[in-house]
file coords03.cif (mmCIF, N, CA and C atoms)
data_protein
loop_
_atom_site.label_atom_id
_atom_site.label_comp_id
_atom_site.auth_asym_id
_atom_site.auth_seq_id
_atom_site.Cartn_x
_atom_site.Cartn_y
_atom_site.Cartn_z
N MET A 11 21.57 -4.61 2.95
CA MET A 11 22.34 -4.68 4.17
C MET A 11 21.42 -4.88 5.36
N GLN A 12 21.86 -5.68 6.25
CA GLN A 12 21.06 -5.95 7.44
C GLN A 12 20.91 -4.69 8.29
N GLY A 13 19.69 -4.42 8.73
CA GLY A 13 19.45 -3.30 9.63
C GLY A 13 19.09 -2.00 8.94
N GLU A 14 19.17 -1.94 7.61
CA GLU A 14 18.80 -0.72 6.90
C GLU A 14 17.36 -0.83 6.43
N VAL A 15 16.59 0.26 6.64
CA VAL A 15 15.19 0.24 6.23
C VAL A 15 15.09 0.32 4.71
N GLY A 16 13.95 -0.11 4.20
CA GLY A 16 13.70 -0.03 2.77
C GLY A 16 12.88 -1.20 2.30
N LEU A 17 12.69 -1.25 0.99
CA LEU A 17 12.00 -2.36 0.34
C LEU A 17 13.06 -3.17 -0.40
N TYR A 18 13.10 -4.46 -0.12
CA TYR A 18 14.13 -5.34 -0.66
C TYR A 18 13.53 -6.43 -1.52
N ILE A 19 14.28 -6.85 -2.52
CA ILE A 19 13.98 -8.04 -3.30
C ILE A 19 15.07 -9.04 -2.95
N ILE A 20 14.68 -10.29 -2.72
CA ILE A 20 15.64 -11.32 -2.33
C ILE A 20 15.24 -12.64 -2.96
N ASN A 21 16.21 -13.45 -3.32
CA ASN A 21 15.92 -14.77 -3.87
C ASN A 21 15.25 -15.64 -2.80
N ALA A 22 14.50 -16.64 -3.25
CA ALA A 22 13.79 -17.52 -2.33
C ALA A 22 14.73 -18.25 -1.38
N ASN A 23 15.98 -18.45 -1.79
CA ASN A 23 16.94 -19.16 -0.93
C ASN A 23 17.68 -18.21 0.02
N GLY A 24 17.30 -16.92 0.01
CA GLY A 24 17.89 -15.95 0.93
C GLY A 24 19.12 -15.23 0.40
N THR A 25 19.50 -15.48 -0.84
CA THR A 25 20.66 -14.82 -1.42
C THR A 25 20.25 -13.61 -2.26
N ASN A 26 21.22 -12.79 -2.58
CA ASN A 26 21.06 -11.67 -3.50
C ASN A 26 20.02 -10.65 -3.04
N SER A 27 20.19 -10.13 -1.86
CA SER A 27 19.29 -9.11 -1.31
C SER A 27 19.62 -7.76 -1.96
N THR A 28 18.61 -7.14 -2.57
CA THR A 28 18.78 -5.86 -3.23
C THR A 28 17.72 -4.88 -2.75
N ARG A 29 18.16 -3.73 -2.26
CA ARG A 29 17.21 -2.71 -1.82
C ARG A 29 16.76 -1.91 -3.03
N ILE A 30 15.43 -1.82 -3.24
CA ILE A 30 14.90 -1.11 -4.41
C ILE A 30 14.18 0.18 -4.01
N TYR A 31 13.96 0.39 -2.71
CA TYR A 31 13.35 1.63 -2.21
C TYR A 31 13.99 1.95 -0.87
N ASP A 32 14.44 3.18 -0.68
CA ASP A 32 15.30 3.52 0.45
C ASP A 32 14.60 3.94 1.74
N GLU A 33 13.32 4.17 1.71
CA GLU A 33 12.62 4.63 2.91
C GLU A 33 11.91 3.47 3.59
N PHE A 34 11.42 3.72 4.82
CA PHE A 34 10.69 2.70 5.57
C PHE A 34 9.41 2.32 4.83
N VAL A 35 9.20 1.03 4.64
CA VAL A 35 8.00 0.52 3.96
C VAL A 35 7.15 -0.21 4.98
N TYR A 36 5.90 0.23 5.07
CA TYR A 36 4.97 -0.30 6.04
C TYR A 36 4.40 -1.64 5.60
N GLN A 37 3.94 -1.74 4.34
CA GLN A 37 3.33 -2.96 3.83
C GLN A 37 3.58 -3.05 2.34
N SER A 38 3.59 -4.30 1.81
CA SER A 38 3.80 -4.48 0.37
C SER A 38 3.05 -5.73 -0.12
N SER A 39 2.86 -5.79 -1.45
CA SER A 39 2.16 -6.90 -2.07
C SER A 39 2.69 -7.07 -3.50
N PHE A 40 3.03 -8.30 -3.89
CA PHE A 40 3.59 -8.60 -5.20
C PHE A 40 2.48 -9.05 -6.14
N SER A 41 2.48 -8.55 -7.39
CA SER A 41 1.44 -8.93 -8.36
C SER A 41 1.93 -10.02 -9.29
N ILE A 42 0.99 -10.65 -9.96
CA ILE A 42 1.30 -11.65 -10.97
C ILE A 42 2.00 -11.01 -12.17
N ASN A 43 1.80 -9.70 -12.36
CA ASN A 43 2.39 -8.95 -13.47
C ASN A 43 3.75 -8.36 -13.13
N ASN A 44 4.38 -8.87 -12.08
CA ASN A 44 5.72 -8.46 -11.71
C ASN A 44 5.80 -6.98 -11.30
N LYS A 45 4.82 -6.54 -10.53
CA LYS A 45 4.82 -5.20 -9.93
C LYS A 45 4.64 -5.36 -8.42
N ILE A 46 5.09 -4.37 -7.69
CA ILE A 46 4.94 -4.38 -6.24
C ILE A 46 4.10 -3.16 -5.84
N ALA A 47 3.03 -3.39 -5.11
CA ALA A 47 2.27 -2.31 -4.49
C ALA A 47 2.79 -2.19 -3.07
N PHE A 48 3.00 -0.96 -2.60
CA PHE A 48 3.53 -0.82 -1.25
C PHE A 48 3.10 0.50 -0.62
N ILE A 49 3.19 0.53 0.70
CA ILE A 49 2.82 1.69 1.49
C ILE A 49 4.06 2.14 2.27
N PRO A 50 4.76 3.17 1.79
CA PRO A 50 5.87 3.69 2.60
C PRO A 50 5.32 4.61 3.68
N SER A 51 5.99 4.65 4.79
CA SER A 51 5.58 5.55 5.88
C SER A 51 6.55 6.71 5.96
N GLU A 52 6.03 7.90 5.85
CA GLU A 52 6.85 9.10 5.96
C GLU A 52 6.35 9.91 7.15
N TYR A 53 7.28 10.35 7.95
CA TYR A 53 6.95 11.09 9.17
C TYR A 53 7.39 12.54 8.98
N ASP A 54 6.42 13.47 9.11
CA ASP A 54 6.73 14.87 8.92
C ASP A 54 5.89 15.70 9.88
N ASN A 55 6.55 16.51 10.69
CA ASN A 55 5.83 17.39 11.62
C ASN A 55 4.87 16.64 12.53
N PHE A 56 5.31 15.54 13.08
CA PHE A 56 4.51 14.72 13.99
C PHE A 56 3.30 14.08 13.32
N ASN A 57 3.32 13.94 12.00
CA ASN A 57 2.23 13.30 11.27
C ASN A 57 2.79 12.20 10.38
N TRP A 58 2.12 11.04 10.39
CA TRP A 58 2.47 9.97 9.47
C TRP A 58 1.71 10.18 8.18
N SER A 59 2.35 9.95 7.06
CA SER A 59 1.69 9.99 5.76
C SER A 59 1.95 8.67 5.07
N LYS A 60 0.90 7.94 4.78
CA LYS A 60 1.04 6.64 4.13
C LYS A 60 0.17 6.63 2.88
N GLN A 61 0.80 6.64 1.72
CA GLN A 61 0.11 6.62 0.45
C GLN A 61 0.45 5.33 -0.30
N LEU A 62 -0.31 5.02 -1.33
CA LEU A 62 -0.13 3.80 -2.11
C LEU A 62 0.78 4.08 -3.31
N PHE A 63 1.82 3.25 -3.46
CA PHE A 63 2.77 3.35 -4.57
C PHE A 63 2.89 2.00 -5.26
N THR A 64 3.42 2.01 -6.49
CA THR A 64 3.86 0.78 -7.15
C THR A 64 5.30 0.99 -7.63
N ILE A 65 5.99 -0.14 -7.81
CA ILE A 65 7.37 -0.12 -8.29
C ILE A 65 7.66 -1.46 -8.95
N ASN A 66 8.59 -1.46 -9.89
CA ASN A 66 9.05 -2.70 -10.51
C ASN A 66 10.08 -3.37 -9.59
N PRO A 67 10.24 -4.68 -9.69
CA PRO A 67 11.19 -5.39 -8.82
C PRO A 67 12.65 -4.95 -8.99
N ASP A 68 12.97 -4.28 -10.11
CA ASP A 68 14.34 -3.79 -10.29
C ASP A 68 14.52 -2.36 -9.77
N GLY A 69 13.45 -1.80 -9.17
CA GLY A 69 13.53 -0.45 -8.60
C GLY A 69 13.13 0.66 -9.55
N THR A 70 12.79 0.34 -10.78
CA THR A 70 12.36 1.36 -11.75
C THR A 70 10.84 1.50 -11.69
N GLY A 71 10.33 2.52 -12.34
CA GLY A 71 8.89 2.68 -12.50
C GLY A 71 8.14 3.07 -11.25
N LEU A 72 8.79 3.76 -10.31
CA LEU A 72 8.10 4.20 -9.09
C LEU A 72 6.93 5.12 -9.45
N GLN A 73 5.73 4.79 -8.94
CA GLN A 73 4.54 5.60 -9.22
C GLN A 73 3.70 5.72 -7.97
N GLN A 74 3.37 6.94 -7.59
CA GLN A 74 2.45 7.17 -6.49
C GLN A 74 1.03 7.13 -7.04
N LEU A 75 0.17 6.27 -6.46
CA LEU A 75 -1.19 6.09 -6.95
C LEU A 75 -2.21 6.93 -6.20
N THR A 76 -1.98 7.20 -4.93
CA THR A 76 -2.94 7.99 -4.14
C THR A 76 -2.28 9.27 -3.64
N PHE A 77 -3.11 10.29 -3.52
CA PHE A 77 -2.70 11.59 -2.99
C PHE A 77 -3.80 12.06 -2.05
N LEU A 78 -3.88 11.43 -0.89
CA LEU A 78 -5.00 11.61 0.02
C LEU A 78 -4.58 12.30 1.31
N ASP A 79 -5.55 12.91 1.99
CA ASP A 79 -5.31 13.43 3.33
C ASP A 79 -5.34 12.31 4.36
N SER A 80 -5.85 11.16 3.97
CA SER A 80 -5.95 9.99 4.85
C SER A 80 -4.81 9.03 4.56
N ASN A 81 -4.63 8.06 5.45
CA ASN A 81 -3.58 7.06 5.29
C ASN A 81 -4.12 5.81 4.60
N CYS A 82 -3.30 5.22 3.76
CA CYS A 82 -3.62 3.97 3.09
C CYS A 82 -2.95 2.81 3.83
N ASP A 83 -3.59 1.64 3.78
CA ASP A 83 -3.07 0.44 4.43
C ASP A 83 -3.42 -0.79 3.61
N HIS A 84 -2.71 -1.88 3.87
CA HIS A 84 -3.08 -3.24 3.46
C HIS A 84 -3.34 -3.42 1.97
N PRO A 85 -2.38 -3.11 1.08
CA PRO A 85 -2.63 -3.33 -0.36
C PRO A 85 -2.63 -4.81 -0.71
N SER A 86 -3.47 -5.19 -1.66
CA SER A 86 -3.53 -6.57 -2.15
C SER A 86 -3.95 -6.53 -3.62
N TRP A 87 -3.23 -7.25 -4.46
CA TRP A 87 -3.50 -7.25 -5.90
C TRP A 87 -4.65 -8.18 -6.27
N SER A 88 -5.36 -7.82 -7.35
CA SER A 88 -6.33 -8.74 -7.94
C SER A 88 -5.57 -9.88 -8.60
N SER A 89 -6.23 -11.00 -8.84
CA SER A 89 -5.55 -12.18 -9.39
C SER A 89 -4.99 -11.93 -10.79
N ASP A 90 -5.56 -10.97 -11.54
CA ASP A 90 -5.03 -10.67 -12.87
C ASP A 90 -4.05 -9.50 -12.86
N GLY A 91 -3.79 -8.90 -11.70
CA GLY A 91 -2.81 -7.83 -11.58
C GLY A 91 -3.24 -6.49 -12.12
N THR A 92 -4.53 -6.30 -12.37
CA THR A 92 -4.99 -5.03 -12.94
C THR A 92 -5.55 -4.06 -11.89
N LYS A 93 -5.84 -4.55 -10.69
CA LYS A 93 -6.44 -3.71 -9.65
C LYS A 93 -5.78 -4.00 -8.30
N ILE A 94 -5.91 -3.03 -7.41
CA ILE A 94 -5.38 -3.16 -6.06
C ILE A 94 -6.50 -2.81 -5.09
N VAL A 95 -6.74 -3.67 -4.11
CA VAL A 95 -7.68 -3.36 -3.04
C VAL A 95 -6.84 -2.91 -1.85
N PHE A 96 -7.33 -1.92 -1.11
CA PHE A 96 -6.60 -1.40 0.04
C PHE A 96 -7.58 -0.69 0.96
N THR A 97 -7.12 -0.34 2.14
CA THR A 97 -7.97 0.41 3.06
C THR A 97 -7.47 1.83 3.17
N ILE A 98 -8.40 2.72 3.50
CA ILE A 98 -8.09 4.12 3.80
C ILE A 98 -8.54 4.35 5.23
N PHE A 99 -7.65 4.95 6.03
CA PHE A 99 -7.94 5.17 7.44
C PHE A 99 -7.78 6.63 7.80
N ASN A 100 -8.78 7.17 8.50
CA ASN A 100 -8.62 8.45 9.17
C ASN A 100 -9.56 8.48 10.36
N ASP A 101 -9.46 9.50 11.15
CA ASP A 101 -10.26 9.57 12.39
C ASP A 101 -11.75 9.75 12.13
N GLU A 102 -12.12 10.18 10.93
CA GLU A 102 -13.54 10.41 10.63
C GLU A 102 -14.20 9.22 9.98
N THR A 103 -13.50 8.53 9.09
CA THR A 103 -14.12 7.42 8.36
C THR A 103 -13.69 6.06 8.84
N PHE A 104 -12.70 6.00 9.72
CA PHE A 104 -12.16 4.72 10.18
C PHE A 104 -11.58 3.96 9.00
N GLU A 105 -11.70 2.64 8.95
CA GLU A 105 -11.15 1.85 7.85
C GLU A 105 -12.21 1.61 6.79
N ASP A 106 -11.97 2.13 5.60
CA ASP A 106 -12.85 1.91 4.46
C ASP A 106 -12.07 1.19 3.37
N ILE A 107 -12.71 0.30 2.65
CA ILE A 107 -12.06 -0.47 1.60
C ILE A 107 -12.31 0.19 0.25
N TYR A 108 -11.22 0.32 -0.53
CA TYR A 108 -11.28 0.90 -1.87
C TYR A 108 -10.58 -0.02 -2.85
N ILE A 109 -10.94 0.12 -4.12
CA ILE A 109 -10.26 -0.56 -5.23
C ILE A 109 -9.79 0.52 -6.19
N ILE A 110 -8.56 0.34 -6.70
CA ILE A 110 -7.99 1.28 -7.66
C ILE A 110 -7.34 0.49 -8.78
N ASP A 111 -7.38 1.02 -10.01
CA ASP A 111 -6.67 0.39 -11.11
C ASP A 111 -5.17 0.47 -10.85
N SER A 112 -4.41 -0.44 -11.42
CA SER A 112 -2.96 -0.49 -11.17
C SER A 112 -2.22 0.74 -11.68
N ASN A 113 -2.87 1.53 -12.54
CA ASN A 113 -2.25 2.77 -13.04
C ASN A 113 -2.67 3.99 -12.22
N GLY A 114 -3.44 3.78 -11.16
CA GLY A 114 -3.86 4.89 -10.29
C GLY A 114 -5.19 5.52 -10.67
N GLN A 115 -5.84 5.01 -11.68
CA GLN A 115 -7.13 5.55 -12.13
C GLN A 115 -8.28 4.80 -11.45
N ASN A 116 -9.45 5.39 -11.50
CA ASN A 116 -10.71 4.73 -11.10
C ASN A 116 -10.70 4.20 -9.67
N MET A 117 -10.41 5.06 -8.71
CA MET A 117 -10.49 4.66 -7.31
C MET A 117 -11.95 4.69 -6.87
N ASN A 118 -12.43 3.55 -6.38
CA ASN A 118 -13.83 3.43 -5.99
C ASN A 118 -13.96 2.74 -4.64
N PRO A 119 -14.92 3.20 -3.83
CA PRO A 119 -15.14 2.55 -2.53
C PRO A 119 -15.85 1.22 -2.68
N VAL A 120 -15.47 0.28 -1.84
CA VAL A 120 -16.17 -1.00 -1.73
C VAL A 120 -17.06 -0.96 -0.50
N SER A 121 -16.54 -0.38 0.57
CA SER A 121 -17.32 -0.22 1.79
C SER A 121 -16.99 1.13 2.41
N ILE A 122 -17.98 1.76 2.94
CA ILE A 122 -17.80 3.04 3.64
C ILE A 122 -18.47 2.90 5.00
N GLU A 123 -17.70 3.10 6.03
CA GLU A 123 -18.22 3.04 7.39
C GLU A 123 -17.95 4.38 8.05
N GLY A 124 -18.68 4.70 9.06
CA GLY A 124 -18.48 5.94 9.78
C GLY A 124 -18.20 5.70 11.24
N PRO A 125 -18.22 6.75 12.02
CA PRO A 125 -17.98 6.61 13.46
C PRO A 125 -18.91 5.56 14.07
N GLY A 126 -18.35 4.77 14.96
CA GLY A 126 -19.12 3.72 15.61
C GLY A 126 -19.13 2.41 14.86
N SER A 127 -18.48 2.36 13.68
CA SER A 127 -18.46 1.11 12.92
C SER A 127 -17.46 0.14 13.54
N ASN A 128 -17.53 -1.08 13.09
CA ASN A 128 -16.60 -2.10 13.55
C ASN A 128 -15.31 -1.98 12.75
N VAL A 129 -14.35 -1.23 13.26
CA VAL A 129 -13.12 -0.94 12.54
C VAL A 129 -12.39 -2.21 12.12
N PHE A 130 -12.33 -3.20 12.97
CA PHE A 130 -11.54 -4.39 12.70
C PHE A 130 -12.13 -5.25 11.59
N ARG A 131 -13.39 -5.09 11.30
CA ARG A 131 -14.02 -5.89 10.25
C ARG A 131 -13.43 -5.58 8.88
N GLU A 132 -12.92 -4.40 8.68
CA GLU A 132 -12.46 -3.98 7.36
C GLU A 132 -10.96 -3.86 7.22
N LEU A 133 -10.23 -4.60 8.04
CA LEU A 133 -8.78 -4.62 7.94
C LEU A 133 -8.35 -5.74 7.00
N ASN A 134 -7.22 -5.55 6.34
CA ASN A 134 -6.57 -6.56 5.53
C ASN A 134 -7.46 -7.15 4.43
N PRO A 135 -7.99 -6.34 3.53
CA PRO A 135 -8.78 -6.91 2.43
C PRO A 135 -7.88 -7.72 1.50
N VAL A 136 -8.40 -8.81 1.00
CA VAL A 136 -7.68 -9.64 0.03
C VAL A 136 -8.62 -10.06 -1.07
N TRP A 137 -8.08 -10.37 -2.23
CA TRP A 137 -8.86 -10.87 -3.36
C TRP A 137 -9.02 -12.38 -3.23
N SER A 138 -10.12 -12.91 -3.71
CA SER A 138 -10.26 -14.35 -3.82
C SER A 138 -10.53 -14.66 -5.28
N ARG A 139 -10.21 -15.85 -5.66
CA ARG A 139 -10.36 -16.22 -7.10
C ARG A 139 -11.72 -16.77 -7.37
#

call {"tool": "encode", "arguments": {"input": "coords03.cif", "output": "structure tokens"}}
result
Amino acid sequence: MQGEVGLYIINANGTNSTRIYDEFVYQSSFSINNKIAFIPSEYDNFNWSKQLFTINPDGTGLQQLTFLDSNCDHPSWSSDGTKIVFTIFNDETFEDIYIIDSNGQNMNPVSIEGPGSNVFRELNPVWSR
């Protein structure tokens, strides 16, 4: 429905809009393996919490991949659909790039910056082939 927040799947011609997640979704990325990585935004006690989740296009298989004190941003799938690159943001580390397996295992940093770093340099990581 128009005007309702959530994560939607829609045909390329604009027909058959189906909401598969009911909360506000900040960012999303579709994999070659028919999975969606996304960052829902939840607001609680004047704090935003943004963690990394995956879901199937039919709305089944919801899985939270991160459980961090920091916020996640900008998910992007590897070309084979086995890994997700994303950023972690907080006031102490700024934007750092991490890679995680699609099942939530093996989260590893790609870049770690600290105060005074160029925050904008590490936004929107993407995979290249």

call {"tool": "closest_residue", "arguments": {"input": "coords03.cif", "among": "A:Ser80, A:Asn113, A:Gln61, A:Asn44", "to": "Asn100 of chain A", "atoms": "only N, CA and C atoms"}}
result
A:Ser80

call {"tool": "residues_around", "arguments": {"input": "coords03.cif", "residues": "Ile65 of chain A", "least_positions_apart": "4", "cutoff": "8 Å", "atoms": "only C-alpha atoms", "output": "PyMOL selection string"}}
result
chain A and resi 45-47+69-73

call {"tool": "residues_around", "arguments": {"input": "coords03.cif", "residues": "segment 85-95 of chain A", "least_positions_apart": "4", "cutoff": "8 Å", "atoms": "all atoms listed in the file", "output": "list in words"}}
result
Gln37, Ser38, Ser39, Phe40, Ser41, Ile42, Asn43, Asn44, Lys45, Ala47, Phe48, Ile49, Leu62, Ile107, Tyr108, Ile109, Ile110, Asp111, Ser112, Asn113, Asn134, Pro135, Val136, Trp137, Ser138 and Arg139 of chain A

call {"tool": "atom_distance", "arguments": {"input": "coords03.cif", "atom1": "atom CA of Glu33 of chain A", "atom2": "atom CA of Pro50 of chain A"}}
result
6.8 Å

call {"tool": "atom_distance", "arguments": {"input": "coords03.cif", "atom1": "atom N of Phe96 of chain A", "atom2": "atom C of Ser51 of chain A"}}
result
17.8 Å

call {"tool": "closest_residue", "arguments": {"input": "coords03.cif", "among": "A:Thr97, A:Asn23, A:Asn81, A:Thr28", "to": "Ser59 of chain A", "atoms": "only N, CA and C atoms"}}
result
A:Asn81

call {"tool": "decode", "arguments": {"input": "coords03.cif", "residues": "segment 21-32 of chain A", "atoms": "all heavy atoms", "output": "mmCIF file, in the first residue's frame"}}
result
data_model
loop_
_atom_site.group_PDB
_atom_site.id
_atom_site.type_symbol
_atom_site.label_atom_id
_atom_site.label_comp_id
_atom_site.auth_asym_id
_atom_site.auth_seq_id
_atom_site.Cartn_x
_atom_site.Cartn_y
_atom_site.Cartn_z
ATOM 1 N N ASN A 21 7.112 -6.232 -9.013
ATOM 2 C CA ASN A 21 7.521 -6.620 -10.359
ATOM 3 C C ASN A 21 8.192 -5.438 -11.061
ATOM 4 O O ASN A 21 7.937 -4.279 -10.734
ATOM 5 C CB ASN A 21 6.311 -7.073 -11.185
ATOM 6 C CG ASN A 21 5.726 -8.366 -10.670
ATOM 7 O OD1 ASN A 21 6.396 -9.156 -10.010
ATOM 8 N ND2 ASN A 21 4.458 -8.585 -10.961
ATOM 9 N N ALA A 22 9.029 -5.743 -12.037
ATOM 10 C CA ALA A 22 9.756 -4.704 -12.766
ATOM 11 C C ALA A 22 8.817 -3.723 -13.463
ATOM 12 O O ALA A 22 9.169 -2.565 -13.657
ATOM 13 C CB ALA A 22 10.702 -5.334 -13.789
ATOM 14 N N ASN A 23 7.608 -4.165 -13.797
ATOM 15 C CA ASN A 23 6.653 -3.274 -14.482
ATOM 16 C C ASN A 23 5.799 -2.474 -13.493
ATOM 17 O O ASN A 23 4.878 -1.770 -13.891
ATOM 18 C CB ASN A 23 5.765 -4.065 -15.439
ATOM 19 C CG ASN A 23 4.851 -5.047 -14.718
ATOM 20 O OD1 ASN A 23 4.821 -5.126 -13.494
ATOM 21 N ND2 ASN A 23 4.117 -5.823 -15.508
ATOM 22 N N GLY A 24 6.088 -2.598 -12.190
ATOM 23 C CA GLY A 24 5.386 -1.820 -11.176
ATOM 24 C C GLY A 24 4.142 -2.479 -10.611
ATOM 25 O O GLY A 24 3.457 -1.899 -9.767
ATOM 26 N N THR A 25 3.848 -3.696 -11.013
ATOM 27 C CA THR A 25 2.669 -4.395 -10.505
ATOM 28 C C THR A 25 3.041 -5.341 -9.365
ATOM 29 O O THR A 25 4.210 -5.660 -9.153
ATOM 30 C CB THR A 25 1.996 -5.217 -11.619
ATOM 31 O OG1 THR A 25 2.917 -6.213 -12.081
ATOM 32 C CG2 THR A 25 1.569 -4.328 -12.780
ATOM 33 N N ASN A 26 2.034 -5.794 -8.652
ATOM 34 C CA ASN A 26 2.167 -6.821 -7.629
ATOM 35 C C ASN A 26 3.110 -6.420 -6.493
ATOM 36 O O ASN A 26 4.060 -7.120 -6.173
ATOM 37 C CB ASN A 26 2.602 -8.148 -8.250
ATOM 38 C CG ASN A 26 2.303 -9.323 -7.328
ATOM 39 O OD1 ASN A 26 1.401 -9.251 -6.488
ATOM 40 N ND2 ASN A 26 3.057 -10.391 -7.465
ATOM 41 N N SER A 27 2.843 -5.313 -5.868
ATOM 42 C CA SER A 27 3.630 -4.839 -4.726
ATOM 43 C C SER A 27 3.247 -5.636 -3.476
ATOM 44 O O SER A 27 2.077 -5.684 -3.102
ATOM 45 C CB SER A 27 3.358 -3.349 -4.502
ATOM 46 O OG SER A 27 3.990 -2.907 -3.330
ATOM 47 N N THR A 28 4.246 -6.263 -2.856
ATOM 48 C CA THR A 28 4.016 -7.071 -1.668
ATOM 49 C C THR A 28 4.976 -6.650 -0.570
ATOM 50 O O THR A 28 6.194 -6.665 -0.765
ATOM 51 C CB THR A 28 4.235 -8.571 -1.974
ATOM 52 O OG1 THR A 28 3.391 -8.945 -3.064
ATOM 53 C CG2 THR A 28 3.932 -9.431 -0.764
ATOM 54 N N ARG A 29 4.433 -6.297 0.590
ATOM 55 C CA ARG A 29 5.285 -5.927 1.723
ATOM 56 C C ARG A 29 5.742 -7.200 2.422
ATOM 57 O O ARG A 29 4.938 -8.017 2.829
ATOM 58 C CB ARG A 29 4.534 -5.017 2.686
ATOM 59 C CG ARG A 29 5.432 -4.500 3.796
ATOM 60 C CD ARG A 29 4.845 -3.369 4.582
ATOM 61 N NE ARG A 29 3.547 -3.714 5.127
ATOM 62 C CZ ARG A 29 2.848 -2.932 5.932
ATOM 63 N NH1 ARG A 29 3.314 -1.746 6.270
ATOM 64 N NH2 ARG A 29 1.678 -3.298 6.381
ATOM 65 N N ILE A 30 7.076 -7.359 2.587
ATOM 66 C CA ILE A 30 7.616 -8.567 3.217
ATOM 67 C C ILE A 30 8.218 -8.283 4.589
ATOM 68 O O ILE A 30 8.582 -9.207 5.305
ATOM 69 C CB ILE A 30 8.654 -9.264 2.314
ATOM 70 C CG1 ILE A 30 9.860 -8.365 2.051
ATOM 71 C CG2 ILE A 30 8.002 -9.711 1.008
ATOM 72 C CD1 ILE A 30 11.019 -9.068 1.370
ATOM 73 N N TYR A 31 8.358 -6.996 4.953
ATOM 74 C CA TYR A 31 8.856 -6.612 6.279
ATOM 75 C C TYR A 31 8.124 -5.341 6.680
ATOM 76 O O TYR A 31 8.058 -4.400 5.891
ATOM 77 C CB TYR A 31 10.375 -6.405 6.242
ATOM 78 C CG TYR A 31 10.996 -6.152 7.588
ATOM 79 C CD1 TYR A 31 11.258 -7.206 8.457
ATOM 80 C CD2 TYR A 31 11.316 -4.867 7.998
ATOM 81 C CE1 TYR A 31 11.824 -6.974 9.701
ATOM 82 C CE2 TYR A 31 11.881 -4.636 9.238
ATOM 83 C CZ TYR A 31 12.135 -5.697 10.083
ATOM 84 O OH TYR A 31 12.692 -5.464 11.314
ATOM 85 N N ASP A 32 7.575 -5.307 7.893
ATOM 86 C CA ASP A 32 6.637 -4.253 8.281
ATOM 87 C C ASP A 32 7.241 -2.991 8.884
ATOM 88 O O ASP A 32 6.530 -2.022 9.073
ATOM 89 C CB ASP A 32 5.614 -4.802 9.279
ATOM 90 C CG ASP A 32 4.690 -5.818 8.642
ATOM 91 O OD1 ASP A 32 4.522 -5.792 7.416
ATOM 92 O OD2 ASP A 32 4.139 -6.659 9.380
#
